[in-house]
file input23.pdb (PDB, C-alpha atoms, pLDDT in the B column)
ATOM      1  CA  GLU W   1       0.000   0.000   0.000  1.00 69.00           C
ATOM      2  CA  ALA W   2       2.845   2.392   0.815  1.00 74.00           C
ATOM      3  CA  PHE W   3       4.379   1.769  -2.621  1.00 74.00           C
ATOM      4  CA  ALA W   4       1.007   2.392  -4.308  1.00 79.00           C
ATOM      5  CA  ARG W   5       0.550   5.668  -2.404  1.00 81.00           C
ATOM      6  CA  ASP W   6       4.086   6.897  -3.139  1.00 78.00           C
ATOM      7  CA  LEU W   7       3.734   6.092  -6.834  1.00 80.00           C
ATOM      8  CA  LEU W   8       0.412   7.967  -6.973  1.00 82.00           C
ATOM      9  CA  LEU W   9       1.922  11.039  -5.283  1.00 81.00           C
ATOM     10  CA  MET W  10       4.884  10.886  -7.655  1.00 79.00           C
ATOM     11  CA  LEU W  11       2.574  10.866 -10.689  1.00 81.00           C
ATOM     12  CA  LEU W  12       0.503  13.745  -9.303  1.00 81.00           C
ATOM     13  CA  SER W  13       3.657  15.770  -8.712  1.00 75.00           C
ATOM     14  CA  HIS W  14       4.841  15.103 -12.270  1.00 74.00           C
ATOM     15  CA  LYS W  15       1.420  15.978 -13.757  1.00 79.00           C
ATOM     16  CA  ASN W  16       0.863  19.219 -11.816  1.00 78.00           C
ATOM     17  CA  GLY W  17      -1.704  17.650  -9.486  1.00 82.00           C
ATOM     18  CA  ILE W  18      -4.101  16.186 -12.107  1.00 88.00           C
ATOM     19  CA  LEU W  19      -4.412  12.632 -13.489  1.00 89.00           C
ATOM     20  CA  THR W  20      -6.842  11.547 -16.190  1.00 88.00           C
ATOM     21  CA  GLY W  21      -9.008   8.449 -15.875  1.00 84.00           C
ATOM     22  CA  ASP W  22      -6.657   6.513 -18.184  1.00 85.00           C
ATOM     23  CA  GLU W  23      -3.647   7.532 -16.104  1.00 86.00           C
ATOM     24  CA  MET W  24      -5.388   6.384 -12.919  1.00 86.00           C
ATOM     25  CA  ASN W  25      -6.123   3.018 -14.551  1.00 85.00           C
ATOM     26  CA  LYS W  26      -2.468   2.633 -15.546  1.00 84.00           C
ATOM     27  CA  TRP W  27      -1.431   3.439 -11.977  1.00 82.00           C
ATOM     28  CA  ALA W  28      -3.805   0.790 -10.612  1.00 84.00           C
ATOM     29  CA  GLN W  29      -2.515  -1.825 -13.072  1.00 83.00           C
ATOM     30  CA  ALA W  30       1.122  -1.002 -12.316  1.00 79.00           C
ATOM     31  CA  VAL W  31       0.856  -1.270  -8.518  1.00 76.00           C
ATOM     32  CA  ASN W  32      -1.465  -4.279  -8.542  1.00 74.00           C
ATOM     33  CA  SER W  33       0.266  -6.493 -11.085  1.00 67.00           C
ATOM     34  CA  LYS W  34       0.283  -9.349  -8.568  1.00 63.00           C
ATOM     35  CA  GLY W  35      -3.360  -8.850  -7.592  1.00 65.00           C
ATOM     36  CA  ASN W  36      -2.506  -8.266  -3.930  1.00 71.00           C
ATOM     37  CA  LEU W  37      -4.578  -5.085  -3.600  1.00 76.00           C
ATOM     38  CA  SER W  38      -8.335  -4.991  -3.968  1.00 82.00           C
ATOM     39  CA  GLN W  39     -10.073  -2.231  -5.903  1.00 83.00           C
ATOM     40  CA  LYS W  40     -11.515  -1.006  -2.618  1.00 84.00           C
ATOM     41  CA  VAL W  41      -8.024  -0.501  -1.178  1.00 85.00           C
ATOM     42  CA  LEU W  42      -6.859   1.305  -4.317  1.00 87.00           C
ATOM     43  CA  ASP W  43      -9.910   3.594  -4.161  1.00 85.00           C
ATOM     44  CA  GLU W  44      -9.198   4.393  -0.518  1.00 86.00           C
ATOM     45  CA  ILE W  45      -5.576   5.265  -1.316  1.00 86.00           C
ATOM     46  CA  ALA W  46      -6.702   7.594  -4.118  1.00 86.00           C
ATOM     47  CA  ARG W  47      -9.488   9.249  -2.075  1.00 84.00           C
ATOM     48  CA  ALA W  48      -7.030  10.043   0.729  1.00 86.00           C
ATOM     49  CA  VAL W  49      -5.189  12.561  -1.461  1.00 84.00           C
ATOM     50  CA  CYS W  50      -7.502  13.220  -4.441  1.00 87.00           C
ATOM     51  CA  VAL W  51     -10.995  14.296  -5.393  1.00 87.00           C
ATOM     52  CA  ARG W  52     -12.729  13.293  -8.618  1.00 86.00           C
ATOM     53  CA  SER W  53     -13.762  16.008 -11.065  1.00 83.00           C
ATOM     54  CA  ALA W  54     -17.450  15.894 -11.950  1.00 78.00           C
ATOM     55  CA  ASN W  55     -16.677  17.306 -15.403  1.00 79.00           C
ATOM     56  CA  ASP W  56     -14.207  14.837 -16.901  1.00 78.00           C
ATOM     57  CA  GLY W  57     -13.673  12.183 -14.230  1.00 76.00           C
ATOM     58  CA  SER W  58     -10.049  13.174 -13.645  1.00 86.00           C
ATOM     59  CA  MET W  59      -8.495  12.965 -10.196  1.00 87.00           C
ATOM     60  CA  ARG W  60      -7.089  16.132  -8.655  1.00 86.00           C
ATOM     61  CA  LEU W  61      -5.102  16.822  -5.507  1.00 84.00           C
ATOM     62  CA  ARG W  62      -7.336  17.846  -2.610  1.00 81.00           C
ATOM     63  CA  VAL W  63      -5.039  20.848  -2.104  1.00 78.00           C
ATOM     64  CA  PRO W  64      -4.163  22.289  -5.551  1.00 75.00           C
ATOM     65  CA  PRO W  65      -0.675  23.650  -6.399  1.00 73.00           C
ATOM     66  CA  ASP W  66      -0.047  27.123  -4.907  1.00 73.00           C
ATOM     67  CA  ASP W  67       1.372  29.393  -7.628  1.00 73.00           C
ATOM     68  CA  ASP W  68       1.942  32.258  -5.163  1.00 78.00           C
ATOM     69  CA  PHE W  69       4.088  30.021  -2.963  1.00 76.00           C
ATOM     70  CA  ARG W  70       6.086  28.889  -6.012  1.00 74.00           C
ATOM     71  CA  ALA W  71       6.754  32.529  -6.949  1.00 80.00           C
ATOM     72  CA  LYS W  72       7.757  33.621  -3.438  1.00 80.00           C
ATOM     73  CA  PHE W  73       9.932  30.626  -2.573  1.00 80.00           C
ATOM     74  CA  PRO W  74      11.520  29.335  -5.827  1.00 80.00           C
ATOM     75  CA  LYS W  75      14.487  27.744  -4.047  1.00 80.00           C
ATOM     76  CA  ILE W  76      12.229  25.647  -1.819  1.00 80.00           C
ATOM     77  CA  VAL W  77      10.240  24.584  -4.880  1.00 74.00           C
ATOM     78  CA  THR W  78      13.467  23.596  -6.653  1.00 80.00           C
ATOM     79  CA  GLU W  79      14.573  21.527  -3.643  1.00 78.00           C
ATOM     80  CA  PHE W  80      11.312  19.578  -3.600  1.00 74.00           C
ATOM     81  CA  GLU W  81      11.316  19.132  -7.392  1.00 72.00           C
ATOM     82  CA  THR W  82      14.830  17.703  -7.077  1.00 75.00           C
ATOM     83  CA  TRP W  83      13.710  15.372  -4.283  1.00 70.00           C
ATOM     84  CA  TRP W  84      10.738  14.173  -6.327  1.00 67.00           C
ATOM     85  CA  GLU W  85      12.962  13.582  -9.361  1.00 69.00           C
ATOM     86  CA  ARG W  86      15.242  11.360  -7.288  1.00 70.00           C
ATOM     87  CA  HIS W  87      12.314   9.667  -5.555  1.00 65.00           C
ATOM     88  CA  ARG W  88      10.752   9.120  -8.989  1.00 63.00           C
ATOM     89  CA  THR W  89      13.847   7.206 -10.067  1.00 65.00           C
ATOM     90  CA  GLU W  90      13.645   5.001  -6.978  1.00 68.00           C
ATOM     91  CA  GLN W  91       9.980   4.240  -7.566  1.00 62.00           C
ATOM     92  CA  LEU W  92      10.418   3.532 -11.278  1.00 63.00           C
ATOM     93  CA  THR W  93      13.368   1.280 -10.507  1.00 69.00           C
ATOM     94  CA  ARG W  94      11.287  -0.544  -7.912  1.00 64.00           C
ATOM     95  CA  LEU W  95       8.388  -0.857 -10.337  1.00 61.00           C
ATOM     96  CA  ALA W  96      10.703  -2.171 -13.061  1.00 62.00           C
ATOM     97  CA  GLY W  97      12.036  -4.714 -10.602  1.00 61.00           C
ATOM     98  CA  ARG W  98       8.537  -5.879  -9.685  1.00 57.00           C
ATOM     99  CA  ASN W  99       7.528  -6.271 -13.315  1.00 55.00           C
ATOM    100  CA  SER W 100      10.778  -8.013 -14.207  1.00 55.00           C
ATOM    101  CA  ALA W 101      10.308 -10.536 -11.411  1.00 54.00           C
ATOM    102  CA  LEU W 102       6.893 -11.410 -12.793  1.00 50.00           C
ATOM    103  CA  THR W 103       8.233 -12.186 -16.260  1.00 51.00           C
ATOM    104  CA  HIS W 104      11.779 -13.567 -16.120  1.00 51.00           C
ATOM    105  CA  ARG W 105      15.028 -13.170 -14.251  1.00 49.00           C
ATOM    106  CA  GLY W 106      17.352 -13.525 -17.225  1.00 48.00           C
ATOM    107  CA  GLY W 107      17.589  -9.785 -17.835  1.00 56.00           C
ATOM    108  CA  SER W 108      18.704  -8.858 -14.322  1.00 62.00           C
ATOM    109  CA  ALA W 109      22.088  -7.550 -15.463  1.00 63.00           C
ATOM    110  CA  GLN W 110      20.501  -5.359 -18.123  1.00 70.00           C
ATOM    111  CA  ALA W 111      17.904  -4.123 -15.652  1.00 69.00           C
ATOM    112  CA  ALA W 112      20.637  -3.230 -13.166  1.00 71.00           C
ATOM    113  CA  ALA W 113      22.566  -1.326 -15.836  1.00 70.00           C
ATOM    114  CA  ALA W 114      19.424   0.508 -16.935  1.00 72.00           C
ATOM    115  CA  ALA W 115      18.582   1.383 -13.349  1.00 74.00           C
ATOM    116  CA  ALA W 116      22.104   2.699 -12.780  1.00 72.00           C
ATOM    117  CA  ALA W 117      21.881   4.851 -15.910  1.00 73.00           C
ATOM    118  CA  LEU W 118      18.488   6.142 -14.807  1.00 75.00           C
ATOM    119  CA  ARG W 119      19.850   7.029 -11.383  1.00 79.00           C
ATOM    120  CA  GLN W 120      22.806   8.833 -12.952  1.00 78.00           C
ATOM    121  CA  ARG W 121      20.541  10.844 -15.242  1.00 80.00           C
ATOM    122  CA  SER W 122      18.182  11.674 -12.392  1.00 83.00           C
ATOM    123  CA  LYS W 123      21.062  12.956 -10.295  1.00 86.00           C
ATOM    124  CA  LEU W 124      22.303  15.069 -13.200  1.00 87.00           C
ATOM    125  CA  VAL W 125      18.826  16.570 -13.646  1.00 87.00           C
ATOM    126  CA  GLY W 126      18.620  17.449  -9.962  1.00 87.00           C
ATOM    127  CA  ASP W 127      22.140  18.862  -9.855  1.00 90.00           C
ATOM    128  CA  ILE W 128      21.560  21.027 -12.938  1.00 91.00           C
ATOM    129  CA  ARG W 129      18.358  22.449 -11.468  1.00 88.00           C
ATOM    130  CA  GLU W 130      20.044  23.198  -8.156  1.00 89.00           C
ATOM    131  CA  CYS W 131      22.941  24.945  -9.900  1.00 90.00           C
ATOM    132  CA  LEU W 132      20.688  27.105 -12.078  1.00 90.00           C
ATOM    133  CA  ALA W 133      18.603  28.011  -9.018  1.00 87.00           C
ATOM    134  CA  GLN W 134      21.687  29.974  -7.900  1.00 87.00           C
ATOM    135  CA  GLY W 135      21.624  32.067 -11.092  1.00 90.00           C
ATOM    136  CA  ALA W 136      22.413  31.999 -14.802  1.00 93.00           C
ATOM    137  CA  MET W 137      25.538  30.133 -15.939  1.00 94.00           C
ATOM    138  CA  THR W 138      27.467  29.466 -19.119  1.00 94.00           C
ATOM    139  CA  MET W 139      27.804  25.866 -20.249  1.00 94.00           C
ATOM    140  CA  ALA W 140      31.394  25.742 -18.983  1.00 94.00           C
ATOM    141  CA  GLU W 141      30.376  27.120 -15.576  1.00 94.00           C
ATOM    142  CA  LEU W 142      27.433  24.746 -15.318  1.00 94.00           C
ATOM    143  CA  ARG W 143      29.557  21.706 -16.213  1.00 93.00           C
ATOM    144  CA  ARG W 144      32.183  22.734 -13.675  1.00 93.00           C
ATOM    145  CA  HIS W 145      29.622  23.123 -10.884  1.00 93.00           C
ATOM    146  CA  VAL W 146      27.920  19.826 -11.747  1.00 92.00           C
ATOM    147  CA  GLN W 147      31.234  17.978 -12.022  1.00 92.00           C
ATOM    148  CA  LYS W 148      32.078  18.895  -8.411  1.00 91.00           C
ATOM    149  CA  ARG W 149      29.082  16.773  -7.357  1.00 88.00           C
ATOM    150  CA  HIS W 150      30.248  13.746  -9.382  1.00 85.00           C
ATOM    151  CA  THR W 151      33.625  12.658  -8.050  1.00 84.00           C
ATOM    152  CA  THR W 152      33.721   9.177  -9.622  1.00 84.00           C
ATOM    153  CA  THR W 153      32.440   9.896 -13.150  1.00 84.00           C
ATOM    154  CA  VAL W 154      33.197  12.454 -15.845  1.00 89.00           C
ATOM    155  CA  VAL W 155      30.327  14.766 -16.762  1.00 89.00           C
ATOM    156  CA  THR W 156      30.523  16.088 -20.324  1.00 92.00           C
ATOM    157  CA  GLU W 157      28.975  19.185 -21.838  1.00 93.00           C
ATOM    158  CA  GLU W 158      27.196  16.898 -24.319  1.00 92.00           C
ATOM    159  CA  GLU W 159      25.404  15.094 -21.473  1.00 90.00           C
ATOM    160  CA  ILE W 160      24.337  18.386 -19.930  1.00 92.00           C
ATOM    161  CA  GLN W 161      23.208  19.744 -23.309  1.00 92.00           C
ATOM    162  CA  GLN W 162      21.014  16.687 -23.903  1.00 89.00           C
ATOM    163  CA  ILE W 163      19.300  17.211 -20.551  1.00 89.00           C
ATOM    164  CA  LEU W 164      18.904  20.970 -21.065  1.00 89.00           C
ATOM    165  CA  SER W 165      17.261  20.392 -24.455  1.00 87.00           C
ATOM    166  CA  GLN W 166      14.408  18.375 -22.939  1.00 80.00           C
ATOM    167  CA  ASN W 167      11.139  20.300 -22.625  1.00 72.00           C
ATOM    168  CA  ASP W 168      10.459  19.303 -19.028  1.00 75.00           C
ATOM    169  CA  MET W 169      13.675  21.065 -17.914  1.00 79.00           C
ATOM    170  CA  GLU W 170      12.223  24.442 -18.999  1.00 84.00           C
ATOM    171  CA  VAL W 171      15.634  26.101 -19.262  1.00 90.00           C
ATOM    172  CA  VAL W 172      16.024  29.329 -21.248  1.00 90.00           C
ATOM    173  CA  LYS W 173      19.177  30.412 -23.091  1.00 93.00           C
ATOM    174  CA  VAL W 174      20.091  34.103 -23.117  1.00 95.00           C
ATOM    175  CA  ARG W 175      23.112  34.445 -25.383  1.00 92.00           C
ATOM    176  CA  ASP W 176      25.765  32.247 -23.698  1.00 93.00           C
ATOM    177  CA  LEU W 177      23.885  31.934 -20.405  1.00 95.00           C
ATOM    178  CA  TYR W 178      21.445  29.254 -19.282  1.00 94.00           C
ATOM    179  CA  VAL W 179      18.768  30.266 -16.777  1.00 93.00           C
ATOM    180  CA  SER W 180      15.749  28.582 -15.210  1.00 87.00           C
ATOM    181  CA  GLY W 181      12.609  29.119 -17.294  1.00 82.00           C
ATOM    182  CA  ARG W 182       9.088  29.118 -15.868  1.00 80.00           C
ATOM    183  CA  THR W 183       8.370  29.907 -12.228  1.00 79.00           C
ATOM    184  CA  GLY W 184       4.761  28.686 -12.323  1.00 79.00           C
ATOM    185  CA  ASN W 185       3.420  32.229 -11.845  1.00 86.00           C
ATOM    186  CA  GLU W 186       2.031  33.656 -15.087  1.00 89.00           C
ATOM    187  CA  SER W 187       2.653  37.330 -14.224  1.00 90.00           C
ATOM    188  CA  ASN W 188       6.233  36.657 -13.160  1.00 92.00           C
ATOM    189  CA  ASP W 189       6.896  34.506 -16.219  1.00 92.00           C
ATOM    190  CA  ARG W 190       5.689  37.244 -18.585  1.00 93.00           C
ATOM    191  CA  LEU W 191       8.032  39.729 -16.922  1.00 95.00           C
ATOM    192  CA  ARG W 192      11.001  37.341 -17.022  1.00 93.00           C
ATOM    193  CA  SER W 193      10.321  36.628 -20.698  1.00 94.00           C
ATOM    194  CA  VAL W 194      10.505  40.358 -21.459  1.00 96.00           C
ATOM    195  CA  MET W 195      13.721  40.654 -19.439  1.00 95.00           C
ATOM    196  CA  HIS W 196      15.303  37.720 -21.290  1.00 95.00           C
ATOM    197  CA  GLY W 197      14.368  39.277 -24.616  1.00 95.00           C
ATOM    198  CA  ILE W 198      15.962  42.620 -23.766  1.00 96.00           C
ATOM    199  CA  PHE W 199      19.226  41.033 -22.614  1.00 96.00           C
ATOM    200  CA  ARG W 200      19.424  39.033 -25.834  1.00 94.00           C
ATOM    201  CA  ALA W 201      19.754  42.361 -27.653  1.00 94.00           C
ATOM    202  CA  ARG W 202      21.452  44.605 -25.074  1.00 94.00           C
ATOM    203  CA  ASP W 203      24.377  44.316 -22.676  1.00 95.00           C
ATOM    204  CA  ALA W 204      23.012  46.683 -20.041  1.00 95.00           C
ATOM    205  CA  VAL W 205      19.490  47.734 -19.006  1.00 95.00           C
ATOM    206  CA  THR W 206      17.684  49.480 -16.169  1.00 96.00           C
ATOM    207  CA  SER W 207      14.592  48.337 -14.320  1.00 95.00           C
ATOM    208  CA  GLN W 208      12.655  51.078 -16.080  1.00 95.00           C
ATOM    209  CA  ASP W 209      13.799  49.780 -19.480  1.00 96.00           C
ATOM    210  CA  ILE W 210      12.243  46.408 -18.643  1.00 96.00           C
ATOM    211  CA  LEU W 211       9.016  47.940 -17.318  1.00 96.00           C
ATOM    212  CA  ASP W 212       8.682  50.149 -20.418  1.00 96.00           C
ATOM    213  CA  GLU W 213       9.253  47.149 -22.702  1.00 96.00           C
ATOM    214  CA  PHE W 214       6.714  45.097 -20.748  1.00 96.00           C
ATOM    215  CA  GLU W 215       4.045  47.797 -21.162  1.00 96.00           C
ATOM    216  CA  SER W 216       4.893  48.149 -24.861  1.00 96.00           C
ATOM    217  CA  ILE W 217       4.452  44.398 -25.441  1.00 95.00           C
ATOM    218  CA  HIS W 218       1.471  43.662 -23.190  1.00 95.00           C
ATOM    219  CA  GLY W 219      -0.383  46.972 -23.387  1.00 95.00           C
ATOM    220  CA  HIS W 220      -0.565  47.567 -19.633  1.00 95.00           C
ATOM    221  CA  PRO W 221       1.858  48.362 -16.797  1.00 95.00           C
ATOM    222  CA  CYS W 222       3.631  45.524 -15.024  1.00 94.00           C
ATOM    223  CA  LYS W 223       2.119  44.784 -11.611  1.00 93.00           C
ATOM    224  CA  VAL W 224       5.069  42.785 -10.285  1.00 92.00           C
ATOM    225  CA  SER W 225       6.821  44.549  -7.400  1.00 93.00           C
ATOM    226  CA  SER W 226      10.232  46.173  -7.817  1.00 92.00           C
ATOM    227  CA  TYR W 227      11.600  43.766  -5.185  1.00 93.00           C
ATOM    228  CA  VAL W 228      10.616  40.740  -7.289  1.00 93.00           C
ATOM    229  CA  LEU W 229      11.986  42.382 -10.443  1.00 94.00           C
ATOM    230  CA  ARG W 230      15.368  42.957  -8.764  1.00 93.00           C
ATOM    231  CA  ASN W 231      15.489  39.304  -7.721  1.00 92.00           C
ATOM    232  CA  PHE W 232      14.900  38.250 -11.333  1.00 93.00           C
ATOM    233  CA  LEU W 233      17.607  40.662 -12.513  1.00 94.00           C
ATOM    234  CA  ARG W 234      20.134  39.199 -10.045  1.00 92.00           C
ATOM    235  CA  GLU W 235      19.661  35.794 -11.680  1.00 91.00           C
ATOM    236  CA  LEU W 236      20.935  37.099 -14.998  1.00 93.00           C
ATOM    237  CA  ALA W 237      22.895  40.308 -14.444  1.00 95.00           C
ATOM    238  CA  ASP W 238      25.280  42.232 -12.179  1.00 93.00           C
ATOM    239  CA  ARG W 239      24.353  45.629 -10.814  1.00 92.00           C
ATOM    240  CA  THR W 240      26.675  48.555 -11.540  1.00 90.00           C
ATOM    241  CA  GLU W 241      26.035  52.234 -10.817  1.00 84.00           C
ATOM    242  CA  GLY W 242      22.532  53.310  -9.889  1.00 88.00           C
ATOM    243  CA  ASP W 243      19.916  51.067 -11.436  1.00 90.00           C
ATOM    244  CA  THR W 244      22.008  49.782 -14.345  1.00 94.00           C
ATOM    245  CA  TRP W 245      22.279  46.009 -14.724  1.00 95.00           C
ATOM    246  CA  VAL W 246      24.890  44.365 -16.957  1.00 95.00           C
ATOM    247  CA  LEU W 247      24.570  40.828 -18.306  1.00 95.00           C
ATOM    248  CA  LYS W 248      26.687  38.388 -16.289  1.00 92.00           C
ATOM    249  CA  GLY W 249      30.206  37.900 -17.593  1.00 87.00           C
ATOM    250  CA  LEU W 250      30.432  41.214 -19.464  1.00 86.00           C
ATOM    251  CA  LEU W 251      31.709  43.574 -16.777  1.00 75.00           C
ATOM    252  CA  GLY W 252      35.256  42.252 -16.980  1.00 65.00           C
ATOM    253  CA  GLN W 253      35.238  42.444 -20.774  1.00 62.00           C
ATOM    254  CA  GLY W 254      34.636  46.179 -20.905  1.00 54.00           C
ATOM    255  CA  SER W 255      31.707  45.785 -23.321  1.00 50.00           C
ATOM    256  CA  ALA W 256      29.214  47.515 -21.042  1.00 50.00           C
ATOM    257  CA  PRO W 257      29.354  50.741 -19.029  1.00 48.00           C
TER     258      PRO W 257
END

call {"tool": "encode", "arguments": {"input": "input23.pdb", "output": "structure tokens"}}
result
Amino acid sequence: EAFARDLLLMLLSHKNGILTGDEMNKWAQAVNSKGNLSQKVLDEIARAVCVRSANDGSMRLRVPPDDDFRAKFPKIVTEFETWWERHRTEQLTRLAGRNSALTHRGGSAQAAAAAAALRQRSKLVGDIRECLAQGAMTMAELRRHVQKRHTTTVVTEEEIQQILSQNDMEVVKVRDLYVSGRTGNESNDRLRSVMHGIFRARDAVTSQDILDEFESIHGHPCKVSSYVLRNFLRELADRTEGDTWVLKGLLGQGSAP
């Protein structure tokens, strides 16, 4: 039962708190391949954390995701996303082991190798997210930071690039810098998108430049606070005199005032 509950929570976390009827059926089949759990038990596990939508029959978390919390505490969100990614690997490995035991034992070596590769990739995903949560980085900087966490294996830029290119990573490239993409808050994400666009064309900007560009694009003033805007700027730029922000890595090159 504990495995069934953990797998359900993992799926809900991966699907932003909503599972379709088909996805719920696949979950039930996966955790009950041996027939040890009755449908009543599975229903009780689901009802403990979910409610069924009257519109489409999907199952939703009793407490929906809090976008305001995600916007205010991005580092905490990143920590939990990293934990779930690692926990997801453990659960998928366990599920693969259960299914393999039901069919044959001849592929145990291959299963072990696949599980090891999955664990390695999962750790890379978590490490990359944690590094980018500290701020934007070039590929060389990101590889160097990630490599420090992997003392027994060599991490290549090609491996990191493959992970960054996957849609679920939601990483944005601004010239030579990689930065975390969506925050989960629509207003904040619109502002960050404008900021990324300006820095793709300019070395240095002010907060007012970003606010003016936002209003020009969206047709209304930005309602995000100046405090939040400064936090977003610190991810990608270094502050110089007054309210001027220069893209990271350019101050020492003399290409910006």

call {"tool": "atom_distance", "arguments": {"input": "input23.pdb", "atom1": "atom CA of W:Ser180", "atom2": "atom CA of W:Leu211"}}
result
20.6 Å

call {"tool": "atom_distance", "arguments": {"input": "input23.pdb", "atom1": "atom CA of W:Trp83", "atom2": "atom CA of W:Thr20"}}
result
24.1 Å

call {"tool": "atom_distance", "arguments": {"input": "input23.pdb", "atom1": "atom CA of W:Val41", "atom2": "atom CA of W:Arg86"}}
result
26.8 Å

call {"tool": "closest_residue", "arguments": {"input": "input23.pdb", "among": "W:Ser122, W:Thr152, W:Ser225, W:Thr240", "to": "W:Met169", "atoms": "all atoms listed in the file"}}
result
W:Ser122

call {"tool": "resolve_selection", "arguments": {"input": "input23.pdb", "expression": "the PyMOL selection byres ((chain W and resi 51) around 12)", "output": "list in words"}}
result
Gly17, Ile18, Leu19, Thr20, Asp43, Glu44, Ile45, Ala46, Arg47, Ala48, Val49, Cys50, Arg52, Ser53, Ala54, Asn55, Asp56, Gly57, Ser58, Met59, Arg60, Leu61, Arg62, Val63 and Pro64 of chain W

call {"tool": "closest_residue", "arguments": {"input": "input23.pdb", "among": "W:Asp68, W:His150, W:Glu81, W:Leu250", "to": "W:His14", "atoms": "all atoms listed in the file"}}
result
W:Glu81

call {"tool": "resolve_selection", "arguments": {"input": "input23.pdb", "expression": "the PyMOL selection byres ((chain W and resi 129) around 9)", "output": "list in words"}}
result
Thr78, Glu79, Glu81, Thr82, Leu124, Val125, Gly126, Asp127, Ile128, Glu130, Cys131, Leu132, Ala133, Gln134, Met169 and Ser180 of chain W

call {"tool": "closest_residue", "arguments": {"input": "input23.pdb", "among": "W:Gly184, W:Ala2, W:Lys223, W:Asp203", "to": "W:Ala71", "atoms": "all atoms listed in the file"}}
result
W:Gly184

call {"tool": "axis_aligned_box", "arguments": {"input": "input23.pdb", "around": "stretch 236-253 of chain W", "padding_each_side": "4 Å", "output": "JSON"}}
result
{"center_x": 27.6, "center_y": 45.2, "center_z": -15.3, "size_x": 23.3, "size_y": 24.2, "size_z": 18.9}

call {"tool": "residues_around", "arguments": {"input": "input23.pdb", "residues": "W:Ile210", "least_positions_apart": "6", "cutoff": "9 Å", "atoms": "all atoms listed in the file", "output": "list in words"}}
result
Leu191, Val194, Met195 and Ile198 of chain W

call {"tool": "resolve_selection", "arguments": {"input": "input23.pdb", "expression": "the PyMOL selection byres ((chain W and resi 205) around 10)", "output": "ChimeraX atom specification"}}
result
/W:195,198-199,202-204,206-210,233,237,239,243-247,256

call {"tool": "closest_residue", "arguments": {"input": "input23.pdb", "among": "W:Arg143, W:Val172, W:Thr183, W:Gly249", "to": "W:Asp66", "atoms": "all atoms listed in the file"}}
result
W:Thr183

call {"tool": "closest_residue", "arguments": {"input": "input23.pdb", "among": "W:Asp212, W:Glu23, W:Val174, W:Val179", "to": "W:Gly197", "atoms": "all atoms listed in the file"}}
result
W:Val174

call {"tool": "closest_residue", "arguments": {"input": "input23.pdb", "among": "W:Thr156, W:Arg182, W:Thr138, W:Ala28", "to": "W:Asp168", "atoms": "all atoms listed in the file"}}
result
W:Arg182
